[in-house]
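> Okay, so here is my_file-v7.tsv, and as you'll see once you scroll down, it has TSV, C-alpha atoms and all ligand atoms.
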```tsv
chain	number	residue	atom	x	y	z
A	205	MET	CA	1.95	7.72	46.83
A	206	SER	CA	5.11	8.80	45.11
A	207	VAL	CA	7.16	6.33	47.15
A	208	LEU	CA	4.81	3.59	46.04
A	209	SER	CA	5.17	4.54	42.38
A	210	LYS	CA	8.96	4.61	42.74
A	211	LEU	CA	8.83	1.13	44.29
A	212	LYS	CA	6.67	-0.04	41.40
A	213	GLU	CA	9.19	1.39	38.95
A	214	THR	CA	12.02	-0.42	40.73
A	215	ILE	CA	10.16	-3.70	40.46
A	216	VAL	CA	9.55	-3.13	36.75
A	217	CYS	CA	13.23	-2.37	36.23
A	218	LEU	CA	14.34	-5.41	38.19
A	219	LYS	CA	12.00	-7.63	36.24
A	220	ALA	CA	13.40	-6.42	32.92
A	221	GLY	CA	16.91	-7.37	33.94
A	222	ARG	CA	19.87	-6.29	31.87
A	223	VAL	CA	19.00	-5.48	28.27
A	224	THR	CA	22.11	-3.67	27.04
A	225	LEU	CA	23.78	-5.39	24.13
A	226	PRO	CA	27.55	-5.90	24.40
A	227	TYR	CA	27.83	-4.34	20.99
A	228	PRO	CA	31.34	-3.65	19.73
A	229	ALA	CA	32.63	-6.76	21.51
A	230	GLN	CA	29.94	-9.08	20.22
A	231	ALA	CA	27.64	-8.31	17.31
A	232	ARG	CA	24.02	-9.30	17.03
A	233	PRO	CA	23.17	-10.95	13.69
A	234	VAL	CA	21.46	-8.57	11.28
A	235	PRO	CA	17.93	-9.27	10.04
A	236	GLU	CA	17.67	-11.54	7.01
A	237	ARG	CA	16.41	-8.83	4.65
A	238	PHE	CA	18.76	-6.11	5.86
A	239	ARG	CA	20.38	-4.13	3.07
A	240	GLY	CA	23.93	-3.04	3.65
A	241	ARG	CA	26.56	-1.78	1.28
A	242	PRO	CA	26.13	-2.86	-2.37
A	243	ILE	CA	29.04	-4.94	-3.64
A	244	PHE	CA	29.86	-4.83	-7.33
A	245	ASP	CA	31.07	-8.01	-8.95
A	246	ALA	CA	33.48	-6.96	-11.68
A	247	ALA	CA	33.50	-10.39	-13.29
A	248	LYS	CA	29.76	-10.30	-14.00
A	249	CYS	CA	29.29	-6.63	-14.85
A	250	THR	CA	28.89	-5.89	-18.55
A	251	GLY	CA	29.01	-2.13	-18.19
A	252	CYS	CA	25.46	-1.54	-19.40
A	253	GLY	CA	25.01	1.42	-17.09
A	254	GLY	CA	21.55	0.35	-15.90
A	255	CYS	CA	22.49	0.80	-12.27
A	256	ALA	CA	23.82	4.30	-12.94
A	257	ASN	CA	20.65	5.32	-14.73
A	258	ASN	CA	18.38	4.06	-11.97
A	259	CYS	CA	20.28	5.10	-8.87
A	260	PRO	CA	18.19	7.75	-7.08
A	261	ALA	CA	21.27	9.26	-5.48
A	262	ARG	CA	23.17	9.39	-8.83
A	263	GLU	CA	25.81	7.56	-6.91
A	264	ILE	CA	27.26	5.38	-9.65
A	265	LEU	CA	29.17	7.18	-12.37
A	266	VAL	CA	29.76	5.54	-15.71
A	267	PHE	CA	32.14	7.08	-18.17
A	268	ASP	CA	34.25	5.96	-21.09
A	269	VAL	CA	37.90	6.89	-20.89
A	270	CYS	CA	38.38	5.66	-24.46
A	271	GLN	CA	36.54	3.54	-26.97
A	272	GLU	CA	37.48	0.30	-25.25
A	273	VAL	CA	37.54	1.08	-21.54
A	274	ARG	CA	34.49	1.95	-19.51
A	275	VAL	CA	34.84	2.95	-15.89
A	276	LEU	CA	32.11	2.30	-13.34
A	277	GLN	CA	32.65	4.22	-10.15
A	278	TYR	CA	30.57	3.71	-7.02
A	279	LEU	CA	31.24	6.64	-4.72
A	280	GLY	CA	29.59	5.26	-1.60
A	281	ARG	CA	29.18	8.59	0.06
A	282	ARG	CA	25.54	9.37	-0.65
A	283	CYS	CA	24.25	5.85	-1.21
A	284	THR	CA	20.89	5.33	0.46
A	285	TYR	CA	21.17	1.51	0.39
A	286	CYS	CA	17.87	1.32	-1.47
A	287	GLY	CA	18.87	-1.72	-3.52
A	288	ARG	CA	17.64	-0.39	-6.84
A	289	CYS	CA	20.99	-1.06	-8.49
A	290	ALA	CA	20.77	-4.70	-7.42
A	291	ASP	CA	17.19	-4.79	-8.65
A	292	VAL	CA	17.81	-3.51	-12.17
A	293	CYS	CA	21.15	-5.16	-12.88
A	294	PRO	CA	20.49	-7.67	-15.68
A	295	GLU	CA	23.61	-9.66	-14.87
A	296	LYS	CA	22.98	-9.78	-11.10
A	297	ALA	CA	26.40	-8.24	-10.63
A	298	VAL	CA	25.31	-6.16	-7.64
A	299	THR	CA	24.55	-7.77	-4.31
A	300	MET	CA	23.29	-5.95	-1.27
A	301	SER	CA	25.61	-7.23	1.42
A	302	HIS	CA	24.95	-7.25	5.16
A	303	GLU	CA	27.90	-4.94	5.81
A	304	PHE	CA	26.97	-1.94	7.88
A	305	GLU	CA	30.16	-1.26	9.81
A	306	ASN	CA	31.37	1.23	7.23
A	307	ALA	CA	32.47	4.00	9.56
A	308	THR	CA	35.69	5.57	8.36
A	309	ASN	CA	37.78	8.67	8.70
A	310	ALA	CA	38.24	9.04	4.92
A	311	ILE	CA	35.13	8.95	2.79
A	312	GLY	CA	37.05	7.59	-0.20
A	313	ASP	CA	37.36	4.27	1.62
A	314	ILE	CA	33.87	3.22	0.58
A	315	GLN	CA	34.54	3.80	-3.09
A	316	GLN	CA	34.50	0.96	-5.61
A	317	ARG	CA	35.95	1.44	-9.07
A	318	ILE	CA	35.66	-1.03	-11.91
A	319	GLU	CA	37.45	-0.61	-15.22
A	320	LEU	CA	35.83	-2.76	-17.87
A	321	PHE	CA	37.04	-3.75	-21.27
A	322	MET	CA	34.35	-3.00	-23.84
A	323	SER	CA	34.70	-4.72	-27.16
A	324	THR	CA	33.82	-2.65	-30.18
A	325	CYS	CA	31.84	-3.69	-33.20
A	326	GLN	CA	34.30	-3.40	-36.04
A	327	ARG	CA	31.58	-2.44	-38.44
A	328	CYS	CA	29.56	0.20	-36.64
A	329	GLY	CA	31.82	1.18	-33.75
A	330	ARG	CA	29.13	0.43	-31.20
A	331	CYS	CA	26.75	-2.36	-30.47
A	332	PHE	CA	23.33	-1.28	-29.32
A	333	LYS	CA	20.71	0.90	-30.80
A	334	GLU	CA	18.51	2.92	-28.49
A	335	PRO	CA	14.77	2.79	-29.14
A	336	THR	CA	14.10	6.52	-29.60
A	337	THR	CA	16.11	9.43	-30.92
A	338	LEU	CA	15.96	11.16	-27.55
A	339	ASP	CA	17.35	8.07	-25.84
A	340	GLN	CA	20.13	7.98	-28.41
A	341	LEU	CA	21.01	11.58	-27.68
A	342	LYS	CA	20.94	10.96	-23.95
A	343	MET	CA	23.09	7.86	-24.12
A	344	LYS	CA	25.65	8.67	-26.80
A	345	GLY	CA	27.83	11.69	-26.52
A	346	TYR	CA	25.28	13.91	-24.86
A	347	ARG	CA	25.47	12.22	-21.51
A	348	PHE	CA	28.60	12.89	-19.58
A	349	ASP	CA	29.51	12.30	-15.99
A	350	ASP	CA	31.43	15.06	-14.31
A	351	VAL	CA	34.10	13.10	-12.45
A	352	ALA	CA	35.83	16.11	-10.92
A	353	HIS	CA	32.69	17.22	-9.12
A	354	GLU	CA	31.21	13.74	-8.71
A	355	ARG	CA	28.08	14.75	-10.53
A	356	TRP	CA	25.89	13.47	-13.30
A	357	VAL	CA	25.35	16.13	-15.90
A	358	PHE	CA	24.03	16.44	-19.41
A	359	ARG	CA	26.42	17.96	-21.88
A	360	SER	CA	23.53	19.29	-23.91
A	361	LYS	CA	20.64	20.89	-22.06
A	362	ALA	CA	18.71	21.56	-25.24
A	363	TYR	CA	15.90	19.16	-24.47
A	364	LEU	CA	15.50	20.45	-20.93
A	365	GLU	CA	14.74	24.03	-21.87
A	366	SER	CA	11.17	25.15	-21.75
A	367	GLU	CA	11.41	27.00	-25.04
A	368	PRO	CA	11.66	24.67	-28.02
A	369	VAL	CA	15.07	25.07	-29.60
A	370	VAL	CA	13.82	24.69	-33.12
A	371	ASP	CA	10.53	26.45	-33.59
A	372	ASP	CA	8.93	23.30	-34.88
A	373	ILE	CA	5.67	23.81	-32.99
A	374	LYS	CA	5.26	27.26	-34.45
A	375	ILE	CA	6.05	25.95	-37.90
A	376	GLU	CA	3.31	23.41	-37.52
A	377	TRP	CA	0.85	26.05	-36.38
A	378	ASP	CA	1.71	28.26	-39.29
B	111	MET	CA	48.26	9.95	14.72
B	112	LEU	CA	44.69	11.18	14.93
B	113	LYS	CA	43.71	8.02	16.74
B	114	LYS	CA	46.38	8.49	19.43
B	115	LEU	CA	45.48	12.13	19.78
B	116	CYS	CA	41.82	11.18	20.17
B	117	GLN	CA	42.63	8.60	22.81
B	118	LYS	CA	44.61	11.18	24.71
B	119	MET	CA	42.24	14.06	24.34
B	120	PHE	CA	38.96	12.23	24.66
B	121	GLY	CA	40.09	9.49	27.01
B	122	ARG	CA	37.36	9.76	29.57
B	123	SER	CA	34.08	11.03	28.36
B	124	LEU	CA	32.64	12.43	25.17
B	125	TRP	CA	29.88	14.96	25.42
B	126	VAL	CA	28.01	15.06	22.18
B	127	TYR	CA	25.93	17.77	20.63
B	128	HIS	CA	23.36	16.64	18.15
B	129	ALA	CA	22.94	19.00	15.18
B	130	ASN	CA	20.37	18.41	12.48
B	131	SER	CA	20.85	20.77	9.59
B	132	GLY	CA	18.00	19.54	7.45
B	133	GLY	CA	17.81	15.75	7.49
B	134	CYS	CA	14.58	13.80	7.41
B	135	ASN	CA	14.68	12.80	11.11
B	136	GLY	CA	15.60	9.18	10.32
B	137	CYS	CA	19.13	9.64	11.55
B	138	ASP	CA	17.95	11.60	14.61
B	139	ILE	CA	15.87	8.65	15.69
B	140	GLU	CA	18.78	6.26	15.23
B	141	VAL	CA	21.05	8.53	17.28
B	142	LEU	CA	18.48	8.65	20.06
B	143	ASN	CA	18.27	4.87	19.79
B	144	VAL	CA	21.98	4.72	20.58
B	145	LEU	CA	21.33	6.54	23.84
B	146	THR	CA	18.58	4.16	25.00
B	147	PRO	CA	19.36	1.40	27.55
B	148	TYR	CA	19.32	-1.14	24.74
B	149	TYR	CA	22.49	0.20	23.12
B	150	ASP	CA	23.53	2.37	26.06
B	151	ALA	CA	26.21	4.68	24.75
B	152	GLU	CA	26.83	5.93	28.28
B	153	ARG	CA	28.99	2.83	28.71
B	154	PHE	CA	31.56	4.78	26.72
B	155	GLY	CA	30.90	7.95	28.68
B	156	ILE	CA	28.89	9.48	25.87
B	157	LYS	CA	26.41	12.03	27.07
B	158	LEU	CA	24.04	14.20	25.11
B	159	VAL	CA	24.28	17.89	25.90
B	160	GLY	CA	22.00	20.68	24.79
B	161	SER	CA	24.53	23.33	23.91
B	162	PRO	CA	27.54	23.25	21.57
B	163	ARG	CA	29.51	25.18	24.21
B	164	HIS	CA	29.53	22.09	26.45
B	165	ALA	CA	30.27	19.59	23.72
B	166	ASP	CA	33.38	17.75	22.53
B	167	VAL	CA	31.73	16.12	19.54
B	168	MET	CA	29.18	17.37	17.08
B	169	LEU	CA	26.96	14.75	15.46
B	170	CYS	CA	25.82	16.18	12.13
B	171	GLN	CA	22.75	14.89	10.39
B	172	GLY	CA	21.31	16.02	7.14
B	173	PRO	CA	23.02	17.93	4.36
B	174	ALA	CA	24.20	21.50	4.74
B	175	MET	CA	21.30	23.52	3.42
B	176	ARG	CA	21.31	27.09	2.19
B	177	ALA	CA	19.23	28.11	5.20
B	178	THR	CA	21.07	26.16	7.91
B	179	GLY	CA	24.67	26.08	6.69
B	180	GLN	CA	25.64	29.27	8.50
B	181	ALA	CA	23.95	28.18	11.72
B	182	LEU	CA	25.88	24.90	11.59
B	183	LYS	CA	29.11	26.82	11.14
B	184	ARG	CA	28.28	29.04	14.13
B	185	ALA	CA	27.52	26.00	16.28
B	186	TYR	CA	30.86	24.50	15.24
B	187	ASP	CA	32.70	27.71	16.09
B	188	ALA	CA	31.03	27.80	19.50
B	189	MET	CA	32.45	24.41	20.48
B	190	PRO	CA	35.64	24.53	22.55
B	191	ALA	CA	38.70	22.89	20.98
B	192	PRO	CA	39.65	20.05	20.73
B	193	LYS	CA	36.54	19.08	18.85
B	194	LEU	CA	35.42	16.25	16.60
B	195	VAL	CA	32.70	16.21	13.97
B	196	PHE	CA	30.86	13.05	13.01
B	197	ALA	CA	28.86	13.01	9.79
B	198	ILE	CA	26.03	10.55	10.34
B	199	GLY	CA	23.98	9.28	7.42
B	200	SER	CA	24.39	9.63	3.68
B	201	CYS	CA	23.01	13.17	3.79
B	202	ALA	CA	25.80	14.40	6.00
B	203	CYS	CA	28.45	12.30	4.25
B	204	GLY	CA	27.60	13.15	0.67
B	205	GLY	CA	24.41	15.17	0.42
B	206	GLY	CA	22.03	12.23	0.19
B	207	ILE	CA	19.53	11.86	-2.61
B	208	TRP	CA	18.97	15.62	-2.53
B	209	PHE	CA	22.57	16.48	-3.21
B	210	ASP	CA	21.72	18.46	-6.37
B	211	SER	CA	18.58	20.14	-5.10
B	212	TYR	CA	18.40	23.94	-5.19
B	213	SER	CA	18.33	24.36	-1.42
B	214	VAL	CA	21.17	21.97	-0.61
B	215	LEU	CA	24.75	23.19	-0.38
B	216	GLY	CA	26.06	19.64	-0.22
B	217	PRO	CA	27.69	17.42	2.40
B	218	VAL	CA	28.35	19.00	5.79
B	219	GLU	CA	32.08	18.95	5.05
B	220	LYS	CA	31.44	21.93	2.79
B	221	VAL	CA	30.70	23.95	5.92
B	222	VAL	CA	32.55	22.29	8.80
B	223	PRO	CA	35.57	19.94	8.74
B	224	VAL	CA	34.44	16.34	9.28
B	225	ASN	CA	36.61	13.80	11.14
B	226	PHE	CA	34.53	10.64	10.89
B	227	TYR	CA	31.93	9.46	8.44
B	228	ILE	CA	29.18	6.96	9.20
B	229	PRO	CA	27.30	6.24	5.96
B	230	GLY	CA	23.87	4.67	5.88
B	231	CYS	CA	20.36	5.93	5.35
B	232	PRO	CA	19.85	5.82	8.24
B	233	PRO	CA	22.83	3.95	9.70
B	234	ARG	CA	21.95	1.23	12.18
B	235	PRO	CA	22.48	2.11	15.83
B	236	GLU	CA	25.23	-0.51	15.79
B	237	ALA	CA	26.89	1.29	12.90
B	238	ILE	CA	26.89	4.55	14.86
B	239	ILE	CA	28.37	2.82	17.91
B	240	TYR	CA	30.93	1.25	15.61
B	241	GLY	CA	31.86	4.69	14.30
B	242	VAL	CA	32.30	5.97	17.84
B	243	ALA	CA	34.38	2.90	18.69
B	244	VAL	CA	36.57	3.57	15.64
B	245	ALA	CA	37.02	7.14	16.80
B	246	LEU	CA	37.92	6.02	20.32
B	247	GLY	CA	40.36	3.46	18.95
B	248	LEU	CA	38.50	0.44	20.34
B	249	VAL	CA	38.16	-1.25	16.95
B	250	ASP	CA	39.76	-0.83	13.52
B	251	LYS	CA	37.89	0.40	10.50
B	252	LYS	CA	36.82	-2.29	8.10
B	253	THR	CA	36.57	-0.43	4.81
B	254	ALA	CA	39.11	0.12	2.07
B	255	PRO	CA	38.68	1.39	-1.48
B	256	VAL	CA	38.16	-1.35	-4.07
B	257	GLN	CA	39.52	-1.09	-7.55
B	258	PHE	CA	39.24	-3.61	-10.30
B	259	LYS	CA	40.93	-3.40	-13.69
B	260	GLN	CA	40.17	-5.70	-16.56
B	261	ILE	CA	42.85	-4.23	-18.76
B	262	GLU	CA	45.80	-1.90	-18.36
B	263	LEU	CA	45.99	1.36	-20.23
B	264	PRO	CA	47.21	2.21	-22.84
B	265	ILE	CA	45.75	-0.46	-25.06
B	266	PRO	CA	46.36	-0.73	-28.82
B	267	ARG	CA	43.73	0.61	-31.19
B	268	TYR	CA	42.66	-1.25	-34.26
B	269	HIS	CA	43.23	0.64	-37.50
B	270	PRO	CA	42.64	-1.15	-40.78
B	271	GLY	CA	45.41	1.00	-42.29
B	272	ASP	CA	47.93	-0.80	-40.11
B	273	LEU	CA	47.34	-4.16	-41.80
B	274	ARG	CA	50.40	-5.25	-43.80
B	275	GLY	CA	50.86	-8.17	-46.09
B	276	ARG	CA	53.72	-10.45	-45.09
B	277	ASP	CA	54.30	-13.62	-47.11
B	278	GLU	CA	50.85	-15.15	-47.21
B	279	LEU	CA	49.58	-13.62	-43.99
B	280	VAL	CA	48.03	-10.27	-43.28
B	281	VAL	CA	49.70	-8.88	-40.17
B	282	TYR	CA	48.54	-6.09	-37.92
B	283	GLU	CA	51.65	-4.03	-37.38
B	284	LYS	CA	51.59	-1.10	-35.01
B	285	VAL	CA	50.35	-3.01	-31.98
B	286	GLU	CA	52.01	-0.69	-29.50
B	287	LYS	CA	50.32	2.36	-30.99
B	288	VAL	CA	47.52	3.89	-28.96
A	401	LIG	S1	21.74	1.07	-3.25
A	401	LIG	FE1	20.46	2.68	-4.18
A	401	LIG	S2	21.56	4.62	-3.75
A	401	LIG	FE2	23.03	2.93	-3.39
A	401	LIG	S3	24.12	2.71	-5.34
A	401	LIG	FE3	22.40	1.25	-5.40
A	401	LIG	S4	20.73	2.36	-6.42
A	401	LIG	FE4	22.26	3.91	-5.77
A	402	LIG	S1	23.48	-2.72	-14.11
A	402	LIG	FE1	24.85	-4.46	-13.56
A	402	LIG	S2	25.82	-5.07	-15.51
A	402	LIG	FE2	24.95	-3.00	-15.83
A	402	LIG	S3	26.65	-1.58	-15.36
A	402	LIG	FE3	25.47	-1.83	-13.44
A	402	LIG	S4	26.51	-3.52	-12.37
A	402	LIG	FE4	27.22	-3.60	-14.49
A	403	LIG	S1	20.73	9.95	5.69
A	403	LIG	FE1	18.70	9.14	5.18
A	403	LIG	S2	17.72	8.85	7.18
A	403	LIG	FE2	19.48	10.21	7.52
A	403	LIG	S3	18.66	12.29	7.39
A	403	LIG	FE3	19.40	11.72	5.32
A	403	LIG	S4	17.61	10.86	4.25
A	403	LIG	FE4	17.13	10.90	6.48
```
Can I see the file as structure tokens?

Amino acid sequence: MSVLSKLKETIVCLKAGRVTLPYPAQARPVPERFRGRPIFDAAKCTGCGGCANNCPAREILVFDVCQEVRVLQYLGRRCTYCGRCADVCPEKAVTMSHEFENATNAIGDIQQRIELFMSTCQRCGRCFKEPTTLDQLKMKGYRFDDVAHERWVFRSKAYLESEPVVDDIKIEWD
Amino acid sequence: MLKKLCQKMFGRSLWVYHANSGGCNGCDIEVLNVLTPYYDAERFGIKLVGSPRHADVMLCQGPAMRATGQALKRAYDAMPAPKLVFAIGSCACGGGIWFDSYSVLGPVEKVVPVNFYIPGCPPRPEAIIYGVAVALGLVDKKTAPVQFKQIELPIPRYHPGDLRGRDELVVYEKVEKV
């Protein structure tokens, strides 16, 4: 019985033939909708920071080195290739490429850094107005990306604390 | 240097030990995919072993967690030198999307020294084979850091106080001032 089953297995194996792909020598084309490494197009990017705000891995850091220069830094190390940055970018400056051969011996190799020139409104010093006061606080001055530790942090944690900072609720109750 | 050393030390056969320190299993499945006949990593002499004491290479998946970081370190210490560590997946390379969670220490390089990084979530089986081929010196790595500058620093600041009248024109004077 067992000899018969072995014979059967041999026939199955012979029928299948050779299936191994000759990979590093000859690559198979990737699927059409495959998402590889996001590529940032510096010519199209306006530095709005939408990608940084929507990245689930907090992978893109945006910070202003001075009034006129904004730096957009894609670290590449914890990117999940989800494509949200490409989805939200209003200028279509991010494309999900088909590149997957990103193996490296230095993780900094995957980094992309864009330094953008931001023009300043000569009257107000900035250009956009955020819809709510909380958004204004989050966007201007109170949001700060920690470049040394590659983290996204809030400079003010006031609105995250469970206790209200100003006892406005109590005042209302009184 | 490292490449030559690798070729010398690991010329014949790499025995790999597969360590998951808290990933979601996505990368595990891709690594097992690499060992199937379809991708057949045994062409390169790669063999999966069950104990770090038999292994030349540790394949790390998942971030170093508070609970598993020490175990990962012990597994690394148990491997005989020379040893290589591969960080597979964005969790192992950079902590993944949970990098700032309370239970995550961070990328595995916080606990063990990493030699090769294979980013992806999960990386394709081809990408893992490519990483191994880079380590063995069969192919060259394709990535390099990209930097783009629209303007060089320092740039002049505009100050209305620096406007001077000259003949009939108003001239902005201290252009070199930052
Ligand atoms: S692909 Fe996803 S994880 Fe990667 S940078 Fe874009 S939004 Fe962030
Ligand atoms: S969302 Fe697009 S335009 Fe805005 S900062 Fe990101 S890449 Fe630039
Ligand atoms: S890199 Fe992605 S697929 Fe791999 S363990 Fe982490 S979350 Fe899972």
> Dig up all the protein and nucleic acid residues within 12 Å of (30.3, -5.1, 23.5) in the file frame, using only C-alpha atoms, and format them as a list of chain:residue names.
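Here is the list of nearby residues: A:Thr224, A:Leu225, A:Pro226, A:Tyr227, A:Pro228, A:Ala229, A:Gln230, A:Ala231, A:Arg232, B:Tyr148, B:Tyr149, B:Asp150, B:Ala151, B:Arg153, B:Phe154, B:Glu236, B:Ile239, B:Tyr240, B:Ala243, B:Leu248, B:Val249.
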> Quick one, how far is CA of Gly155 in chain B from CA of Gly241 in chain B?
14.8 Å
> Measure the distance from CA of Phe226 in chain B to CA of Ile139 in chain B in Å and round it to one decimal.
19.4 Å
> Of the residues B:Arg234, B:Thr146, B:Thr253, B:Ala202, which is the one nearest to Pro235 in chain A, using all atoms listed in the file?
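Looking only at the distances to Pro235 in chain A, the closest residue turns out to be B:Arg234.
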> I need the chain B residues near chain A as a short mmCIF file (atom, residue, chain, number, x, y, z; two decimals) with C-alpha atoms, in the coordinates of the input; criterion: at most 8 Å, counting only C-alpha atoms.

```cif
data_model
loop_
_atom_site.label_atom_id
_atom_site.label_comp_id
_atom_site.auth_asym_id
_atom_site.auth_seq_id
_atom_site.Cartn_x
_atom_site.Cartn_y
_atom_site.Cartn_z
CA PRO B 147 19.36 1.40 27.55
CA TYR B 148 19.32 -1.14 24.74
CA TYR B 149 22.49 0.20 23.12
CA ASP B 150 23.53 2.37 26.06
CA SER B 200 24.39 9.63 3.68
CA CYS B 201 23.01 13.17 3.79
CA CYS B 203 28.45 12.30 4.25
CA GLY B 204 27.60 13.15 0.67
CA GLY B 205 24.41 15.17 0.42
CA GLY B 206 22.03 12.23 0.19
CA ILE B 207 19.53 11.86 -2.61
CA TRP B 208 18.97 15.62 -2.53
CA PHE B 209 22.57 16.48 -3.21
CA ASN B 225 36.61 13.80 11.14
CA PHE B 226 34.53 10.64 10.89
CA TYR B 227 31.93 9.46 8.44
CA ILE B 228 29.18 6.96 9.20
CA PRO B 229 27.30 6.24 5.96
CA GLY B 230 23.87 4.67 5.88
CA CYS B 231 20.36 5.93 5.35
CA PRO B 232 19.85 5.82 8.24
CA PRO B 233 22.83 3.95 9.70
CA ARG B 234 21.95 1.23 12.18
CA GLU B 236 25.23 -0.51 15.79
CA ALA B 237 26.89 1.29 12.90
CA ILE B 238 26.89 4.55 14.86
CA ILE B 239 28.37 2.82 17.91
CA TYR B 240 30.93 1.25 15.61
CA GLY B 241 31.86 4.69 14.30
CA ALA B 243 34.38 2.90 18.69
CA VAL B 244 36.57 3.57 15.64
CA VAL B 249 38.16 -1.25 16.95
CA LYS B 251 37.89 0.40 10.50
CA LYS B 252 36.82 -2.29 8.10
CA THR B 253 36.57 -0.43 4.81
CA ALA B 254 39.11 0.12 2.07
CA PRO B 255 38.68 1.39 -1.48
CA VAL B 256 38.16 -1.35 -4.07
CA GLN B 257 39.52 -1.09 -7.55
CA PHE B 258 39.24 -3.61 -10.30
CA LYS B 259 40.93 -3.40 -13.69
CA GLN B 260 40.17 -5.70 -16.56
CA ILE B 261 42.85 -4.23 -18.76
#
```
> Calculated over all atoms listed in the file, which of the candidates A:Val207, A:Gly287, A:Met300, A:Gly253 has the smallest distance to ligand LIG 402 (chain A)?
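Answer, going by the shortest atom-to-atom distance: A:Gly253.
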> Please compute the CA of Val214 in chain B-CA of Phe267 in chain A distance, one decimal, in Å.
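Here the two named atoms are 25.5 Å from each other.
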> Once 5 Å is added on each side, what centre and edge lengths in Å to one decimal does the axis-aligned box around all listed atoms of ligand LIG 403 (chain A) have, as lines of an AutoDock Vina configuration file?

```
center_x = 18.9
center_y = 10.6
center_z = 5.9
size_x = 13.6
size_y = 13.4
size_z = 13.3
```
> Show me which residues line ligand LIG 402 (chain A), defined as having an atom within 8 Å of a ligand atom where all atoms listed in the file count, and present them as a PyMOL selection string.
chain A and resi 244-246+248-256+266+276+289-290+292-298
> Please determine, counting all atoms listed in the file, which residue among B:Leu158, B:Ile198, B:Ala191, B:Leu182 has the shortest atom-to-atom distance to ligand LIG 403 (chain A).
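So, comparing all the options, the nearest one is B:Ile198.
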> Would you list the residues near (28.2, 23.3, 4.3) (no more than 9 Å away, in the coordinates of the file, using all atoms listed in the file) as a ChimeraX atom specification?
/B:173-176,178-180,182-183,214-222
> My list of candidates is B:Pro235, B:Cys170, B:Leu246, B:Arg163. Which is closest to Leu124 in chain B when distances are computed with all atoms listed in the file?
B:Leu246
> Please provide the set of residues having any atom within 9 Å of Ser161 in chain B, restricted to only C-alpha atoms, with same-chain residues fewer than 6 positions apart removed, written as an MDAnalysis selection string.
chainID B and resid 127:128 185 189
> Given all atoms listed in the file as the basis, pick out the residue of A:Lys212, A:His302, A:Arg288, A:Lys219 nearest to Pro233 in chain A.
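The answer is A:His302, which sits nearest to Pro233 in chain A.
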> If you count only C-alpha atoms, which residues fall within 7 Å of Lys157 in chain B, apart from same-chain ones fewer than 5 positions away, as number ranges by chain?
B: 124-126, 152
